[in-house]
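input_38.txt (compact mmCIF, C-alpha atoms and all ligand atoms) appears below.
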# COMPACT_ATOMS: atom_id res chain seq x y z
CA MET A 795 47.18 71.53 -113.28
CA GLN A 796 50.55 70.99 -114.80
CA ARG A 797 53.25 72.84 -112.96
CA VAL A 798 55.81 74.53 -115.08
CA GLY A 799 59.08 72.77 -114.92
CA SER A 800 57.60 69.56 -113.57
CA SER A 801 57.54 66.25 -115.36
CA SER A 802 55.01 65.81 -118.14
CA THR A 803 54.30 62.16 -117.52
CA THR A 804 51.28 62.73 -115.28
CA THR A 805 49.18 64.21 -118.04
CA ASN A 806 46.99 61.32 -119.10
CA SER A 807 46.81 59.58 -115.75
CA LYS A 808 45.27 62.67 -114.23
CA ALA A 809 42.64 62.86 -116.95
CA VAL A 810 40.73 59.87 -115.60
CA ASN A 811 40.30 61.61 -112.27
CA VAL A 812 38.11 64.30 -113.74
CA LYS A 813 34.83 64.41 -111.86
CA LYS A 814 31.53 65.09 -113.52
CA GLU A 815 30.17 67.27 -110.75
CA THR A 816 32.40 70.25 -111.31
CA TRP A 817 31.53 73.63 -112.72
CA SER A 818 35.00 74.38 -113.94
CA THR A 819 36.01 74.10 -117.51
CA ALA A 820 38.36 72.89 -120.13
CA LYS A 821 41.48 74.41 -121.53
CA GLU A 822 40.61 76.96 -124.12
CA THR A 823 42.36 78.08 -127.23
CA PRO A 824 43.72 81.56 -126.82
CA ASN A 825 42.60 83.81 -129.62
CA THR A 826 45.93 85.13 -130.72
CA ASP A 827 44.37 87.99 -132.66
CA GLU A 828 42.88 89.26 -129.45
CA VAL A 829 45.53 88.45 -126.90
CA THR A 830 48.32 90.01 -128.87
CA ARG A 831 46.75 93.40 -128.42
CA SER A 832 49.46 95.39 -126.77
CA LEU A 833 48.28 96.85 -123.51
CA ASP A 834 51.54 97.28 -121.66
CA ALA A 835 54.87 95.53 -121.34
CA TYR A 836 53.49 92.86 -119.06
CA ALA A 837 50.50 92.18 -121.24
CA LYS A 838 52.75 92.00 -124.29
CA LYS A 839 54.92 89.41 -122.64
CA ASN A 840 51.87 87.46 -121.58
CA SER A 841 50.38 87.66 -125.05
CA GLN A 842 53.56 86.43 -126.64
CA GLN A 843 53.48 83.44 -124.40
CA LEU A 844 49.86 82.66 -125.19
CA HIS A 845 50.71 83.00 -128.85
CA HIS A 846 53.58 80.60 -128.39
CA GLU A 847 51.37 78.09 -126.63
CA ASN A 848 48.90 78.29 -129.47
CA ASP A 849 51.62 77.35 -131.91
CA ASN A 850 52.00 74.09 -130.06
CA LYS A 851 48.47 72.73 -130.31
CA PRO A 852 48.12 69.16 -129.17
CA THR A 853 47.81 66.49 -131.79
CA GLU A 854 45.13 63.82 -131.71
CA GLY A 855 45.41 61.56 -128.70
CA LYS A 856 48.93 62.58 -127.82
CA PRO A 857 50.17 64.56 -124.88
CA THR A 858 51.82 67.68 -126.13
CA THR A 859 54.86 69.43 -124.85
CA THR A 860 54.70 73.20 -124.73
CA THR A 861 57.84 75.23 -124.41
CA THR A 862 57.55 78.46 -122.48
CA THR A 863 60.10 81.16 -121.96
CA ALA A 864 60.68 79.93 -118.42
CA THR A 865 60.78 76.20 -118.82
CA THR A 866 58.97 73.25 -120.35
CA THR A 867 55.49 72.09 -119.52
CA THR A 868 52.76 69.90 -120.94
CA THR A 869 49.11 70.44 -121.68
CA ALA A 870 47.21 69.19 -118.68
CA PRO A 871 44.12 66.98 -118.50
CA LEU A 872 40.84 68.43 -119.63
CA ARG A 873 37.39 68.59 -118.14
CA THR A 874 34.64 66.37 -119.42
CA GLY A 875 31.15 65.12 -118.63
CA GLY A 876 28.41 66.76 -116.59
CA PHE A 877 28.31 70.51 -117.03
CA TYR A 878 30.81 70.41 -119.87
CA GLU A 879 28.46 68.39 -122.03
CA LYS A 880 25.73 71.03 -121.78
CA LYS A 881 25.80 73.19 -124.87
CA THR A 882 22.86 75.56 -124.46
CA ILE A 883 21.98 77.96 -121.68
CA LEU A 884 18.80 75.98 -120.95
CA GLU A 885 20.74 72.73 -120.65
CA GLN A 886 23.27 74.39 -118.38
CA GLU A 887 20.52 75.90 -116.23
CA LEU A 888 18.75 72.55 -115.87
CA TYR A 889 22.05 70.91 -115.00
CA ARG A 890 22.55 73.50 -112.25
CA TYR A 891 19.63 71.95 -110.34
CA HIS A 892 20.09 68.27 -111.06
CA PRO A 893 19.86 66.32 -107.79
CA SER A 894 23.24 65.85 -106.18
CA PHE A 895 25.06 66.27 -102.91
CA TRP A 896 26.67 69.50 -104.11
CA LEU A 897 23.28 70.94 -105.07
CA LEU A 898 22.23 70.50 -101.46
CA VAL A 899 25.41 72.21 -100.27
CA ARG A 900 25.22 75.20 -102.60
CA VAL A 901 21.48 75.81 -102.13
CA GLY A 902 21.87 75.32 -98.38
CA SER A 903 24.77 77.76 -98.17
CA LEU A 904 23.00 80.37 -100.34
CA ILE A 905 19.99 80.31 -98.02
CA GLY A 906 22.05 79.84 -94.85
CA PHE A 907 24.48 82.68 -95.60
CA PRO A 908 22.08 85.60 -94.91
CA TYR A 909 20.76 83.90 -91.79
CA LEU A 910 24.30 83.43 -90.51
CA MET A 911 25.20 87.03 -91.34
CA CYS A 912 22.09 88.30 -89.55
CA HIS A 913 23.14 86.39 -86.47
CA LEU A 914 26.62 87.91 -86.73
CA GLY A 915 25.01 91.33 -87.06
CA THR A 916 23.40 90.98 -83.65
CA TYR A 917 26.94 91.01 -82.19
CA ILE A 918 28.62 93.56 -84.46
CA TRP A 919 25.94 96.20 -84.97
CA PRO A 920 25.23 96.99 -81.28
CA THR A 921 28.99 97.51 -80.88
CA VAL A 922 28.98 99.99 -83.77
CA VAL A 923 26.04 101.90 -82.28
CA ASP A 924 27.60 101.89 -78.79
CA LEU A 925 30.91 103.12 -80.21
CA ALA A 926 29.21 106.05 -81.89
CA ALA A 927 27.28 106.84 -78.70
CA SER A 928 30.36 106.71 -76.49
CA TYR A 929 32.12 109.33 -78.66
CA GLU A 930 28.90 111.30 -79.18
CA LEU A 931 29.11 110.82 -82.93
CA GLU A 932 26.45 110.25 -85.55
CA ILE A 933 26.00 106.54 -86.17
CA THR A 934 26.78 107.05 -89.86
CA SER A 935 30.23 108.43 -89.09
CA VAL A 936 31.15 105.14 -87.43
CA ALA A 937 28.94 102.74 -89.36
CA PHE A 938 30.21 103.47 -92.87
CA PRO A 939 33.94 103.35 -92.07
CA VAL A 940 33.21 100.04 -90.29
CA ILE A 941 31.33 98.76 -93.37
CA GLY A 942 34.24 99.85 -95.56
CA LEU A 943 36.79 98.14 -93.30
CA LEU A 944 34.76 94.93 -93.12
CA THR A 945 34.42 94.82 -96.89
CA PHE A 946 38.13 95.53 -97.29
CA THR A 947 39.00 92.81 -94.74
CA ALA A 948 36.64 90.31 -96.37
CA TYR A 949 38.16 91.07 -99.79
CA PHE A 950 41.69 90.35 -98.64
CA ALA A 951 40.66 87.41 -96.43
CA HIS A 952 38.90 85.75 -99.36
CA ASN A 953 41.91 86.44 -101.56
CA ALA A 954 44.21 85.08 -98.86
CA LEU A 955 42.38 81.74 -99.11
CA TYR A 956 42.93 81.73 -102.86
CA GLY A 957 46.52 82.80 -102.18
CA LEU A 958 47.02 79.62 -100.16
CA LEU A 959 45.51 77.63 -102.99
CA TYR A 960 47.81 79.27 -105.56
CA HIS A 961 50.83 78.94 -103.30
CA PHE A 962 50.47 75.28 -102.37
CA ASP A 963 49.06 74.41 -105.79
CA LEU A 964 47.34 71.33 -104.38
CA ARG A 965 46.74 68.70 -107.00
CA SER A 966 43.49 67.64 -105.39
CA PHE A 967 42.10 71.03 -106.42
CA ASP A 968 43.28 70.77 -110.02
CA LYS A 969 39.94 69.35 -111.10
CA TYR A 970 38.30 72.63 -110.12
CA ARG A 971 40.57 74.80 -112.23
CA VAL A 972 39.08 76.68 -115.14
CA ASP A 973 42.02 75.82 -117.35
CA GLU A 974 45.43 74.32 -117.01
CA LYS A 975 47.57 77.14 -118.22
CA PRO A 976 50.48 77.84 -115.89
CA TRP A 977 50.07 80.74 -113.51
CA HIS A 978 51.75 84.09 -114.12
CA TRP A 979 54.25 83.56 -111.31
CA ASP A 980 55.37 80.25 -112.82
CA THR A 981 56.01 81.52 -116.31
CA ASP A 982 57.23 85.02 -115.61
CA PRO A 983 58.30 85.49 -111.97
CA ASP A 984 59.87 88.91 -112.53
CA GLY A 985 56.94 90.23 -114.54
CA TRP A 986 54.57 88.85 -111.93
CA LYS A 987 56.35 90.70 -109.10
CA ILE A 988 55.84 93.98 -110.94
CA MET A 989 52.23 93.10 -111.72
CA PHE A 990 51.55 92.06 -108.13
CA HIS A 991 52.81 95.39 -106.77
CA LYS A 992 50.82 97.29 -109.39
CA THR A 993 47.72 95.30 -108.47
CA ILE A 994 48.05 95.84 -104.72
CA GLY A 995 48.78 99.55 -105.23
CA LEU A 996 45.76 100.13 -107.44
CA ILE A 997 43.42 98.13 -105.21
CA LEU A 998 44.55 100.06 -102.13
CA PHE A 999 43.97 103.29 -104.01
CA ASN A 1000 40.52 102.17 -105.12
CA PHE A 1001 39.62 101.31 -101.52
CA PHE A 1002 41.31 104.05 -99.51
CA GLY A 1003 41.64 106.78 -102.12
CA LEU A 1004 38.22 106.38 -103.66
CA THR A 1005 35.70 104.24 -101.75
CA PHE A 1006 36.47 105.51 -98.25
CA PRO A 1007 36.41 109.24 -99.14
CA LEU A 1008 33.17 108.67 -101.05
CA MET A 1009 31.66 106.99 -98.00
CA TYR A 1010 32.89 109.86 -95.85
CA VAL A 1011 31.36 112.48 -98.12
CA ASN A 1012 28.14 110.51 -98.41
CA SER A 1013 27.67 109.86 -94.72
CA PHE A 1014 28.66 113.33 -93.48
CA LEU A 1015 27.13 115.53 -96.17
CA LEU A 1016 24.22 113.54 -97.47
CA GLY A 1017 23.41 111.16 -94.63
CA THR A 1018 21.96 107.78 -95.50
CA PRO A 1019 18.48 106.59 -96.30
CA LEU A 1020 19.31 103.16 -94.86
CA ARG A 1021 18.15 101.98 -91.42
CA LEU A 1022 20.83 102.18 -88.77
CA ASP A 1023 19.27 101.19 -85.46
CA VAL A 1024 19.74 97.94 -83.60
CA ALA A 1025 16.03 97.30 -83.14
CA SER A 1026 15.42 97.00 -86.88
CA LEU A 1027 18.30 94.68 -87.71
CA PRO A 1028 17.21 92.52 -90.67
CA THR A 1029 15.91 88.98 -90.53
CA GLY A 1030 17.53 86.28 -92.64
CA GLY A 1031 14.58 86.28 -95.04
CA GLU A 1032 14.74 90.03 -95.53
CA MET A 1033 18.46 89.96 -96.15
CA PHE A 1034 18.11 87.09 -98.62
CA TRP A 1035 15.59 88.79 -100.90
CA GLN A 1036 17.47 92.08 -100.70
CA LEU A 1037 20.73 90.42 -101.71
CA MET A 1038 18.96 88.92 -104.74
CA PHE A 1039 17.24 92.22 -105.53
CA CYS A 1040 20.52 94.15 -105.38
CA LEU A 1041 22.21 91.48 -107.47
CA VAL A 1042 19.66 91.72 -110.29
CA LEU A 1043 19.88 95.52 -110.39
CA GLU A 1044 23.65 95.51 -110.10
CA ASP A 1045 23.88 93.04 -112.94
CA PHE A 1046 21.89 95.41 -115.15
CA GLY A 1047 24.20 98.31 -114.30
CA PHE A 1048 27.39 96.27 -114.50
CA HIS A 1049 26.57 94.76 -117.88
CA HIS A 1050 25.79 98.10 -119.53
CA ALA A 1051 28.74 99.89 -117.95
CA HIS A 1052 30.98 97.03 -119.05
CA GLN A 1053 29.64 97.16 -122.62
CA LEU A 1054 30.34 100.88 -122.64
CA LEU A 1055 33.87 100.30 -121.37
CA HIS A 1056 34.45 98.06 -124.38
CA THR A 1057 33.68 100.83 -126.87
CA LYS A 1058 36.52 102.62 -128.63
CA GLN A 1059 35.90 105.76 -126.62
CA PHE A 1060 36.27 104.12 -123.22
CA TYR A 1061 38.46 101.07 -123.68
CA TRP A 1062 41.53 103.06 -122.59
CA ILE A 1063 39.96 102.95 -119.11
CA HIS A 1064 39.06 99.27 -119.17
CA LYS A 1065 42.31 98.00 -120.67
CA ILE A 1066 43.92 98.19 -117.22
CA HIS A 1067 41.58 95.46 -115.96
CA HIS A 1068 42.23 93.45 -119.12
CA GLN A 1069 45.96 93.31 -118.48
CA TYR A 1070 45.04 90.04 -116.81
CA HIS A 1071 44.51 87.56 -119.64
CA ALA A 1072 44.25 84.77 -117.08
CA PRO A 1073 42.68 86.49 -114.09
CA ILE A 1074 43.21 85.60 -110.44
CA GLY A 1075 41.03 86.46 -107.44
CA LEU A 1076 43.02 89.57 -106.56
CA SER A 1077 42.50 91.05 -110.02
CA ALA A 1078 38.76 91.53 -109.39
CA ALA A 1079 39.32 95.06 -108.07
CA TYR A 1080 42.32 95.79 -110.31
CA ALA A 1081 40.72 98.47 -112.43
CA HIS A 1082 41.17 102.10 -113.39
CA PRO A 1083 39.57 104.28 -110.66
CA LEU A 1084 37.04 105.57 -113.19
CA GLU A 1085 36.01 102.02 -114.01
CA TYR A 1086 35.95 101.12 -110.33
CA LEU A 1087 33.68 104.07 -109.65
CA PHE A 1088 31.26 103.88 -112.58
CA GLY A 1089 31.53 100.19 -113.46
CA ASN A 1090 31.61 98.73 -109.95
CA ILE A 1091 30.52 101.11 -107.19
CA VAL A 1092 27.63 102.82 -108.99
CA PRO A 1093 25.96 99.57 -110.18
CA SER A 1094 26.30 98.04 -106.72
CA MET A 1095 24.61 101.11 -105.19
CA MET A 1096 21.53 100.87 -107.41
CA GLY A 1097 19.72 98.32 -105.25
CA PRO A 1098 20.37 100.02 -101.90
CA MET A 1099 19.40 103.42 -103.34
CA LEU A 1100 16.06 102.01 -104.45
CA LEU A 1101 15.43 100.07 -101.26
CA ARG A 1102 16.32 103.04 -99.02
CA HIS A 1103 14.78 102.61 -95.53
CA ARG A 1104 13.64 99.10 -96.43
CA MET A 1105 17.29 98.09 -96.20
CA HIS A 1106 19.38 98.05 -93.05
CA ALA A 1107 22.99 99.30 -93.19
CA TRP A 1108 24.09 95.86 -91.98
CA SER A 1109 22.40 94.28 -95.02
CA PHE A 1110 24.21 96.83 -97.18
CA CYS A 1111 27.51 95.74 -95.60
CA ILE A 1112 26.76 92.08 -96.34
CA TRP A 1113 25.69 93.00 -99.89
CA THR A 1114 29.05 94.66 -100.61
CA ILE A 1115 30.90 91.63 -99.24
CA PHE A 1116 28.61 89.24 -101.14
CA ARG A 1117 29.21 91.06 -104.44
CA ALA A 1118 32.95 91.47 -103.91
CA SER A 1119 33.32 87.75 -103.12
CA ALA A 1120 31.38 86.84 -106.27
CA ALA A 1121 33.80 88.97 -108.29
CA ILE A 1122 36.79 87.31 -106.62
CA GLU A 1123 35.36 83.90 -107.44
CA ASN A 1124 34.71 84.90 -111.06
CA HIS A 1125 38.36 85.90 -111.44
CA SER A 1126 39.90 83.13 -109.35
CA GLY A 1127 40.51 80.55 -112.06
CA TYR A 1128 38.65 77.98 -109.96
CA GLU A 1129 35.07 76.76 -110.12
CA PHE A 1130 33.89 75.00 -107.00
CA PRO A 1131 30.71 72.91 -107.11
CA TRP A 1132 29.93 73.87 -103.51
CA SER A 1133 29.90 77.61 -104.25
CA MET A 1134 26.66 79.20 -103.07
CA TYR A 1135 26.74 81.55 -106.05
CA GLN A 1136 26.27 78.59 -108.38
CA ALA A 1137 22.81 78.02 -106.88
CA ILE A 1138 21.60 81.35 -108.30
CA PRO A 1139 19.64 81.04 -111.57
CA PHE A 1140 21.53 82.39 -114.60
CA LYS A 1141 24.77 82.62 -112.61
CA ALA A 1142 27.61 82.66 -115.08
CA PRO A 1143 30.20 79.95 -114.48
CA THR A 1144 33.75 81.11 -113.74
CA GLU A 1145 34.79 80.07 -117.23
CA TYR A 1146 32.43 82.75 -118.55
CA HIS A 1147 34.37 85.75 -117.22
CA ASP A 1148 37.61 83.88 -117.74
CA PHE A 1149 36.62 83.56 -121.40
CA HIS A 1150 36.02 87.31 -121.46
CA HIS A 1151 39.53 88.01 -120.18
CA HIS A 1152 41.15 85.58 -122.63
CA ARG A 1153 39.17 86.31 -125.75
CA ASN A 1154 37.84 89.79 -125.23
CA GLN A 1155 34.75 88.76 -127.20
CA GLY A 1156 31.36 89.49 -125.61
CA THR A 1157 30.40 87.91 -122.28
CA TYR A 1158 30.10 91.30 -120.62
CA SER A 1159 27.87 90.20 -117.77
CA GLY A 1160 29.27 89.83 -114.28
CA VAL A 1161 27.58 87.48 -111.84
CA LEU A 1162 24.49 86.67 -113.89
CA ARG A 1163 24.44 86.34 -117.68
CA PHE A 1164 20.93 87.39 -118.53
CA TRP A 1165 21.81 90.57 -120.42
CA ASP A 1166 24.35 88.84 -122.64
CA TRP A 1167 21.54 86.55 -123.72
CA VAL A 1168 19.24 89.55 -124.43
CA TYR A 1169 21.87 91.35 -126.54
CA GLY A 1170 23.30 88.23 -128.13
CA THR A 1171 26.74 89.08 -126.77
CA ASN A 1172 27.26 85.51 -125.62
CA THR A 1173 27.50 84.01 -129.12
CA HIS A 1174 31.28 83.64 -129.14
CA TYR A 1175 31.14 81.88 -125.81
CA LEU A 1176 28.30 79.55 -126.83
CA ASP A 1177 30.06 78.84 -130.11
CA TRP A 1178 33.19 77.93 -128.16
CA VAL A 1179 31.12 75.68 -125.87
CA CYS A 1180 29.29 74.08 -128.81
CA LYS A 1181 32.60 73.29 -130.44
CA GLY A 1182 33.48 71.38 -127.29
CA ARG A 1183 35.83 74.07 -126.03
CA PRO A 1184 38.22 73.81 -128.95
CA GLU A 1185 41.59 72.22 -128.48
CA THR A 1186 40.02 70.17 -125.72
CA ARG A 1187 37.70 68.00 -127.77
CA ARG A 1188 40.44 65.59 -128.72
CA LYS A 1189 41.43 65.29 -125.11
CA ARG A 1190 37.87 64.72 -124.05
CA LYS A 1191 37.56 61.81 -126.46
CA THR A 1192 40.65 60.30 -124.90
CA VAL A 1193 39.16 60.74 -121.45
CA SER A 1194 35.85 59.08 -122.39
CA LYS A 1195 37.74 56.06 -123.76
CA GLU A 1196 39.59 55.68 -120.51
CA ASN A 1197 36.36 55.93 -118.56
ZN ZN B 1 35.96 93.63 -120.20
ZN ZN B 2 37.33 90.87 -114.98
Is it possible to express this structure as structure tokens?
Amino acid sequence: MQRVGSSSTTTNSKAVNVKKETWSTAKETPNTDEVTRSLDAYAKKNSQQLHHENDNKPTEGKPTTTTTTATTTTTAPLRTGGFYEKKTILEQELYRYHPSFWLLVRVGSLIGFPYLMCHLGTYIWPTVVDLAASYELEITSVAFPVIGLLTFTAYFAHNALYGLLYHFDLRSFDKYRVDEKPWHWDTDPDGWKIMFHKTIGLILFNFFGLTFPLMYVNSFLLGTPLRLDVASLPTGGEMFWQLMFCLVLEDFGFHHAHQLLHTKQFYWIHKIHHQYHAPIGLSAAYAHPLEYLFGNIVPSMMGPMLLRHRMHAWSFCIWTIFRASAAIENHSGYEFPWSMYQAIPFKAPTEYHDFHHHRNQGTYSGVLRFWDWVYGTNTHYLDWVCKGRPETRRKRKTVSKEN
């Protein structure tokens, strides 16, 4: 990644370091017709900058200097080879499972994760049950606040890791970036401060003003159909298939809710989330409360509501963390080849949702991308991929010569 304000001479030398085994992507061309849609003052400023960058497209084989409002930067090296050469969904899916060290890591971690969480549950869940018993409370009245707090903690812990990555801006991680555009805080520090506070405020409201009261109402008034006892804590195998089951159902709900949010009638709700043209991990839960409720919470409840007593509350807790972390990853701007999510068939790469935020053209699916394929709402994305991720093709030719 090219830091704003730093020297531009590293551009081509970094290009040769691009590895083939990454799932991240190339720099894309901002669609100025889309990004200049005025959402609010911050989005306007951001759009103007994207527009400005687009006016400075690189010329064949030459590093290009881009002037931003803050300082001067240069287009950074672009991704090539491996995943980036795969132009169809089938090719990309086959590439997902080509033999490699990282395949072993991501498949191993996807299978190992539920087993590890089940083991953790044998320590945490008895404590939850004992706590409820010691205060003579229903287990639900302790279990669901604990689940909420664990999910909340996991959300911020995961984002804290990305925060370290953003803060230290390590060059060794540049090859995993989805694109090389400068971060918000580099180009517009003042605007970013406002946006950061808005983001934290809205996320806290969505968690403590919406999710927690809903859990309270649900557990006290309606009870829960989920298992709560220690004796029936799930096995790793049970948790694994239930995570996949919930993911498939959630993806159905998320895709259709998201499509609906992109209609004229409902976009006023969704435009809050789209204030991030270049999303970061924290922005995953930055959404209007109505969107958070109907576009996030309701779809994620579909699986557990169908599974009922077949699912343990501890599995439900891990499911909420699993889904929230996938959303963080999708918004992070990074694509790591070791990510366990990338072992899941039809998992959309990070560039997929990033494309959605930049272009606002199709790609409505969240973790998986099956429904975009069914509805043909992935055509803009596939077209962009087939064109070699425009504005990057010239760079990629340069890279292949150097290799
Ligand atoms: Zn959207
Ligand atoms: Zn998003």
Site check for ligand ZN 1 (chain B): residues at most 7 Å away, all atoms listed in the file, as number ranges by chain | A: 1052, 1056, 1064, 1068, 1150-1151, 1154, 1158
Counting only C-alpha atoms and all ligand atoms, which residues in chain A sit no more than 8 Å from ligand ZN 2 (chain B)? For each one, give the nearest pair of atoms and the distance in Å, sorted by chain then residue number, as JSON lines.
{"residue": "A:His1067", "atom": "CA", "partner": "B:ZN2", "partner_atom": "ZN", "distance": 6.3}
{"residue": "A:His1068", "atom": "CA", "partner": "B:ZN2", "partner_atom": "ZN", "distance": 6.9}
{"residue": "A:Tyr1070", "atom": "CA", "partner": "B:ZN2", "partner_atom": "ZN", "distance": 8.0}
{"residue": "A:Pro1073", "atom": "CA", "partner": "B:ZN2", "partner_atom": "ZN", "distance": 7.0}
{"residue": "A:Ser1077", "atom": "CA", "partner": "B:ZN2", "partner_atom": "ZN", "distance": 7.2}
{"residue": "A:Ala1078", "atom": "CA", "partner": "B:ZN2", "partner_atom": "ZN", "distance": 5.8}
{"residue": "A:Ala1121", "atom": "CA", "partner": "B:ZN2", "partner_atom": "ZN", "distance": 7.8}
{"residue": "A:Asn1124", "atom": "CA", "partner": "B:ZN2", "partner_atom": "ZN", "distance": 7.6}
{"residue": "A:His1125", "atom": "CA", "partner": "B:ZN2", "partner_atom": "ZN", "distance": 6.2}
{"residue": "A:His1147", "atom": "CA", "partner": "B:ZN2", "partner_atom": "ZN", "distance": 6.3}
{"residue": "A:Asp1148", "atom": "CA", "partner": "B:ZN2", "partner_atom": "ZN", "distance": 7.5}
{"residue": "A:His1150", "atom": "CA", "partner": "B:ZN2", "partner_atom": "ZN", "distance": 7.5}
{"residue": "A:His1151", "atom": "CA", "partner": "B:ZN2", "partner_atom": "ZN", "distance": 6.3}
Coordinates-based distance that separates atom CA of A:Ser1133 from atom CA of A:Tyr1175 (Å, one decimal) =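 Result for atom CA of A:Tyr1175 versus atom CA of A:Ser1133: 22.0 Å, one decimal.
Counting all atoms listed in the file, stretch 1014-1024 of chain A has the following residues at most 9 Å away, ignoring those fewer than 3 positions along the same chain: Thr916, Trp919, Pro920, Val923, Glu932, Ile933, Thr934, Ser935, Ala937, Met1009, Tyr1010, Val1011, Leu1027, Pro1098, Met1099, Leu1101, Arg1102, His1103, Arg1104, Met1105, His1106, Ala1107, Trp1108 and Phe1110 of chain A.
Across the model, the gap from atom CA of A:Val940 to atom CA of A:Ile1091 is 17.1 Å.
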Please, could N, CA and C atoms be added to stretch 1135-1152 of chain A and the result written as a JSON list (two decimals), in the coordinates of the input?
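For reference, part02.json as written:
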[["chain", "number", "residue", "atom", "x", "y", "z"],
["A", 1135, "TYR", "N", 27.13, 80.72, -104.90],
["A", 1135, "TYR", "CA", 26.74, 81.55, -106.05],
["A", 1135, "TYR", "C", 26.20, 80.70, -107.20],
["A", 1136, "GLN", "N", 26.70, 79.46, -107.28],
["A", 1136, "GLN", "CA", 26.27, 78.59, -108.38],
["A", 1136, "GLN", "C", 24.84, 78.10, -108.22],
["A", 1137, "ALA", "N", 24.22, 78.39, -107.07],
["A", 1137, "ALA", "CA", 22.81, 78.02, -106.88],
["A", 1137, "ALA", "C", 21.88, 79.09, -107.44],
["A", 1138, "ILE", "N", 22.43, 80.23, -107.82],
["A", 1138, "ILE", "CA", 21.60, 81.35, -108.30],
["A", 1138, "ILE", "C", 21.28, 81.14, -109.78],
["A", 1139, "PRO", "N", 20.00, 81.22, -110.15],
["A", 1139, "PRO", "CA", 19.64, 81.04, -111.57],
["A", 1139, "PRO", "C", 20.38, 82.04, -112.46],
["A", 1140, "PHE", "N", 20.81, 81.57, -113.61],
["A", 1140, "PHE", "CA", 21.53, 82.39, -114.60],
["A", 1140, "PHE", "C", 22.91, 82.85, -114.14],
["A", 1141, "LYS", "N", 23.41, 82.27, -113.04],
["A", 1141, "LYS", "CA", 24.77, 82.62, -112.61],
["A", 1141, "LYS", "C", 25.75, 82.14, -113.67],
["A", 1142, "ALA", "N", 26.60, 83.04, -114.09],
["A", 1142, "ALA", "CA", 27.61, 82.66, -115.08],
["A", 1142, "ALA", "C", 28.69, 81.81, -114.41],
["A", 1143, "PRO", "N", 29.09, 80.73, -115.06],
["A", 1143, "PRO", "CA", 30.20, 79.95, -114.48],
["A", 1143, "PRO", "C", 31.49, 80.76, -114.53],
["A", 1144, "THR", "N", 32.47, 80.37, -113.76],
["A", 1144, "THR", "CA", 33.75, 81.11, -113.74],
["A", 1144, "THR", "C", 34.37, 81.17, -115.12],
["A", 1145, "GLU", "N", 34.19, 80.09, -115.89],
["A", 1145, "GLU", "CA", 34.79, 80.07, -117.23],
["A", 1145, "GLU", "C", 34.27, 81.21, -118.10],
["A", 1146, "TYR", "N", 33.09, 81.71, -117.76],
["A", 1146, "TYR", "CA", 32.43, 82.75, -118.55],
["A", 1146, "TYR", "C", 33.25, 84.04, -118.52],
["A", 1147, "HIS", "N", 33.58, 84.52, -117.32],
["A", 1147, "HIS", "CA", 34.37, 85.75, -117.22],
["A", 1147, "HIS", "C", 35.83, 85.47, -117.59],
["A", 1148, "ASP", "N", 36.26, 84.27, -117.34],
["A", 1148, "ASP", "CA", 37.61, 83.88, -117.74],
["A", 1148, "ASP", "C", 37.73, 83.95, -119.27],
["A", 1149, "PHE", "N", 36.69, 83.48, -119.94],
["A", 1149, "PHE", "CA", 36.62, 83.56, -121.40],
["A", 1149, "PHE", "C", 36.71, 85.01, -121.85],
["A", 1150, "HIS", "N", 36.01, 85.88, -121.12],
["A", 1150, "HIS", "CA", 36.02, 87.31, -121.46],
["A", 1150, "HIS", "C", 37.44, 87.87, -121.36],
["A", 1151, "HIS", "N", 38.16, 87.50, -120.34],
["A", 1151, "HIS", "CA", 39.53, 88.01, -120.18],
["A", 1151, "HIS", "C", 40.46, 87.46, -121.25],
["A", 1152, "HIS", "N", 40.27, 86.20, -121.63],
["A", 1152, "HIS", "CA", 41.15, 85.58, -122.63],
["A", 1152, "HIS", "C", 40.85, 86.06, -124.05]]
